[in-house]
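One structure is given below, encoded as structure tokens.
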Amino acid sequence: MVLHRHWIVVVAKIAAIIFIFLFSLIIIPLLISMDFLVAELVGPALFFFVVYLMLILLMIFLVWINYYLDSWIITTDRVIDIDQKSLFYREVSEFMLDRVEDVTVEVPGILATFLHYGNIRIQTAGEKPFTIYDVSHIYEAKRIILENTNRRGVTTLSGTHI
Amino acid sequence: MSFWVALLIYLLFMGGYWFFVWSIHWHAREYIMPNDPSSWITDVFLVSAAVLSIISLGLFFTLPLAF
């Protein structure tokens, strides 16, 4: 099972970028009203507008690729955490399911309740809890983790499989 | 003279821009599964970046700059 952050996380960031873009467009009627945008300057203004649009597009897709490559893969053996911190900073960590002690599901807030997403906190033996933030299908993920943890059984300190 | 300076700045900008565009494309090709339903988003981005780059190139040569 592959988990991604809920789409609302990326939509909020992209909406913020688009809002900044639209807000900056206020400058155009302002320039026209102040008679700065004379006929000779329309070409350069259009050129800089297109360049600005290119930068906005790049920012949106940088946000999207960072969002989309940030994922968790739950297999029958292990959980793989792929953390795409920035475009050139990727961190991959994993742990075996037989080290899982308990799994907690959190649905924090109204938006998370209505859009069915939340956090999954996995407590592993002898380590800090591992938390997956803002993902959808949390109950299904919890079920798969617990089912496979139970199936693998418990290994005692002496190495005997119970 | 100002045209050549502007052209140099513009080409440097385009070089940096396409470095990031290809980086995004490379990441998508490397890490997103081929049958992933979201892979079309990267194609949309590439096409949009190419179209805007061609438009900006066309507009650059209409700028009133002295040679």
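Ordered as shown in the structure tokens, chains take letters A, B, and onward, while each chain numbers its residues from 1 and ligands are numbered from 1 in the order shown.
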
Do me a favour and pick out the residues of chain B within 7 Å of chain A, using only C-alpha atoms, as a PDB file with N, CA and C atoms, in the first residue's frame.
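Writing done, so here's out.pdb:
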ATOM      1  N   ILE B  24      12.808  18.462 -12.188  1.00  0.00           N
ATOM      2  CA  ILE B  24      11.476  17.972 -11.816  1.00  0.00           C
ATOM      3  C   ILE B  24      11.103  16.782 -12.697  1.00  0.00           C
ATOM      4  N   ALA B  49       5.709  24.779 -19.553  1.00  0.00           N
ATOM      5  CA  ALA B  49       7.012  25.459 -19.457  1.00  0.00           C
ATOM      6  C   ALA B  49       7.575  25.724 -20.849  1.00  0.00           C
ATOM      7  N   LEU B  52       5.469  28.579 -22.560  1.00  0.00           N
ATOM      8  CA  LEU B  52       5.790  29.887 -21.980  1.00  0.00           C
ATOM      9  C   LEU B  52       7.200  30.338 -22.365  1.00  0.00           C
ATOM     10  N   SER B  56       8.042  33.717 -24.290  1.00  0.00           N
ATOM     11  CA  SER B  56       8.970  34.703 -23.713  1.00  0.00           C
ATOM     12  C   SER B  56      10.123  34.998 -24.679  1.00  0.00           C
ATOM     13  N   LEU B  59       8.791  37.318 -27.238  1.00  0.00           N
ATOM     14  CA  LEU B  59       8.608  38.662 -26.683  1.00  0.00           C
ATOM     15  C   LEU B  59       9.954  39.346 -26.422  1.00  0.00           C
ATOM     16  N   PHE B  60      10.976  38.547 -26.122  1.00  0.00           N
ATOM     17  CA  PHE B  60      12.296  39.129 -25.842  1.00  0.00           C
ATOM     18  C   PHE B  60      12.801  39.909 -27.058  1.00  0.00           C
ATOM     19  N   THR B  62      11.129  41.411 -29.198  1.00  0.00           N
ATOM     20  CA  THR B  62      10.342  42.622 -29.491  1.00  0.00           C
ATOM     21  C   THR B  62      10.706  43.761 -28.529  1.00  0.00           C
ATOM     22  N   LEU B  63      11.590  43.444 -27.561  1.00  0.00           N
ATOM     23  CA  LEU B  63      11.959  44.474 -26.593  1.00  0.00           C
ATOM     24  C   LEU B  63      12.744  45.597 -27.285  1.00  0.00           C
TER      25      LEU B  63
END

Q) Mind checking DSSP for segment 99-131 of chain A and telling me the strand (DSSP E or B) residues as a ChimeraX atom specification? A) /A:100-106,117-124,130-131

Q: Rank nothing, just name the residue among B:Leu46, B:Leu11, B:Leu57, B:Val5 nearest to Trp26 of chain B, using only C-alpha atoms.
A: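 Checking each candidate against Trp26 of chain B, we get B:Leu46 as the closest.
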
Q: Excluding Val92 of chain A and any residue of its chain fewer than 3 positions from it, enumerate the residues within 12 Å of it, using only C-alpha atoms, and give them as number ranges by chain.
A: A: 69-73, 79-85, 89, 95

Q | Selection: 6 Å around segment 127-136 of chain A, only C-alpha atoms, excl. self and same-chain fewer than 3 positions, as a VMD selection string | A | chain A and resid 4 to 6 117 to 124

Q: Please run DSSP on the backbone and report, as a PyMOL selection string, all residues within chain B that come out as helix (DSSP H, G or I).
A: chain B and resi 2-31+39-60

Quick one: write out the picked residues with C-alpha atoms as a PDB file, in the first residue's frame?
ATOM      1  CA  SER B   2      22.178  46.731 -24.047  1.00  0.00           C
ATOM      2  CA  PHE B   3      20.678  44.026 -26.258  1.00  0.00           C
ATOM      3  CA  TRP B   4      23.653  41.692 -25.734  1.00  0.00           C
ATOM      4  CA  VAL B   5      23.671  42.276 -21.975  1.00  0.00           C
ATOM      5  CA  ALA B   6      19.917  41.603 -21.827  1.00  0.00           C
ATOM      6  CA  LEU B   7      20.351  38.505 -24.027  1.00  0.00           C
ATOM      7  CA  LEU B   8      23.086  37.184 -21.701  1.00  0.00           C
ATOM      8  CA  ILE B   9      20.872  37.747 -18.622  1.00  0.00           C
ATOM      9  CA  TYR B  10      17.913  36.158 -20.396  1.00  0.00           C
ATOM     10  CA  LEU B  11      19.932  33.099 -21.462  1.00  0.00           C
ATOM     11  CA  LEU B  12      21.285  32.687 -17.915  1.00  0.00           C
ATOM     12  CA  PHE B  13      17.725  32.865 -16.601  1.00  0.00           C
ATOM     13  CA  MET B  14      16.519  30.307 -19.139  1.00  0.00           C
ATOM     14  CA  GLY B  15      19.450  28.018 -18.306  1.00  0.00           C
ATOM     15  CA  GLY B  16      18.591  28.126 -14.597  1.00  0.00           C
ATOM     16  CA  TYR B  17      14.889  27.734 -15.333  1.00  0.00           C
ATOM     17  CA  TRP B  18      15.306  24.682 -17.545  1.00  0.00           C
ATOM     18  CA  PHE B  19      17.729  23.149 -15.085  1.00  0.00           C
ATOM     19  CA  PHE B  20      14.883  23.097 -12.529  1.00  0.00           C
ATOM     20  CA  VAL B  21      12.293  22.002 -15.103  1.00  0.00           C
ATOM     21  CA  TRP B  22      14.460  19.038 -16.148  1.00  0.00           C
ATOM     22  CA  SER B  23      15.204  18.266 -12.496  1.00  0.00           C
ATOM     23  CA  ILE B  24      11.476  17.972 -11.816  1.00  0.00           C
ATOM     24  CA  HIS B  25      11.062  15.842 -14.936  1.00  0.00           C
ATOM     25  CA  TRP B  26      14.003  13.631 -13.911  1.00  0.00           C
ATOM     26  CA  HIS B  27      12.588  13.150 -10.400  1.00  0.00           C
ATOM     27  CA  ALA B  28       9.185  12.249 -11.833  1.00  0.00           C
ATOM     28  CA  ARG B  29      10.688   9.763 -14.304  1.00  0.00           C
ATOM     29  CA  GLU B  30      12.981   8.241 -11.687  1.00  0.00           C
ATOM     30  CA  TYR B  31      10.624   7.902  -8.740  1.00  0.00           C
ATOM     31  CA  SER B  39       2.293  11.116 -14.167  1.00  0.00           C
ATOM     32  CA  TRP B  40       0.316  13.259 -16.654  1.00  0.00           C
ATOM     33  CA  ILE B  41       0.763  16.251 -14.299  1.00  0.00           C
ATOM     34  CA  THR B  42       4.501  16.320 -15.085  1.00  0.00           C
ATOM     35  CA  ASP B  43       3.734  16.212 -18.828  1.00  0.00           C
ATOM     36  CA  VAL B  44       1.350  19.172 -18.431  1.00  0.00           C
ATOM     37  CA  PHE B  45       4.107  21.041 -16.602  1.00  0.00           C
ATOM     38  CA  LEU B  46       6.703  20.314 -19.298  1.00  0.00           C
ATOM     39  CA  VAL B  47       4.379  21.426 -22.095  1.00  0.00           C
ATOM     40  CA  SER B  48       3.359  24.598 -20.191  1.00  0.00           C
ATOM     41  CA  ALA B  49       7.012  25.459 -19.457  1.00  0.00           C
ATOM     42  CA  ALA B  50       7.934  24.917 -23.126  1.00  0.00           C
ATOM     43  CA  VAL B  51       5.031  27.042 -24.415  1.00  0.00           C
ATOM     44  CA  LEU B  52       5.790  29.887 -21.980  1.00  0.00           C
ATOM     45  CA  SER B  53       9.498  29.727 -22.852  1.00  0.00           C
ATOM     46  CA  ILE B  54       8.748  30.049 -26.589  1.00  0.00           C
ATOM     47  CA  ILE B  55       6.377  32.977 -25.899  1.00  0.00           C
ATOM     48  CA  SER B  56       8.970  34.703 -23.713  1.00  0.00           C
ATOM     49  CA  LEU B  57      11.650  34.150 -26.385  1.00  0.00           C
ATOM     50  CA  GLY B  58       9.373  35.731 -28.974  1.00  0.00           C
ATOM     51  CA  LEU B  59       8.608  38.662 -26.683  1.00  0.00           C
ATOM     52  CA  PHE B  60      12.296  39.129 -25.842  1.00  0.00           C
TER      53      PHE B  60
END

(Q) I want to know what sits within 10 Å of Thr75 of chain A, based on only C-alpha atoms, with residues of the same chain fewer than 6 positions away left out; could you give that as JSON, numbers by chain? (A) {"A": [1, 2, 96, 97, 144, 145, 148]}

Q. To one decimal place, how far is atom CA of Glu94 of chain A from atom CA of Asn35 of chain B in Å?
A. 24.0 Å
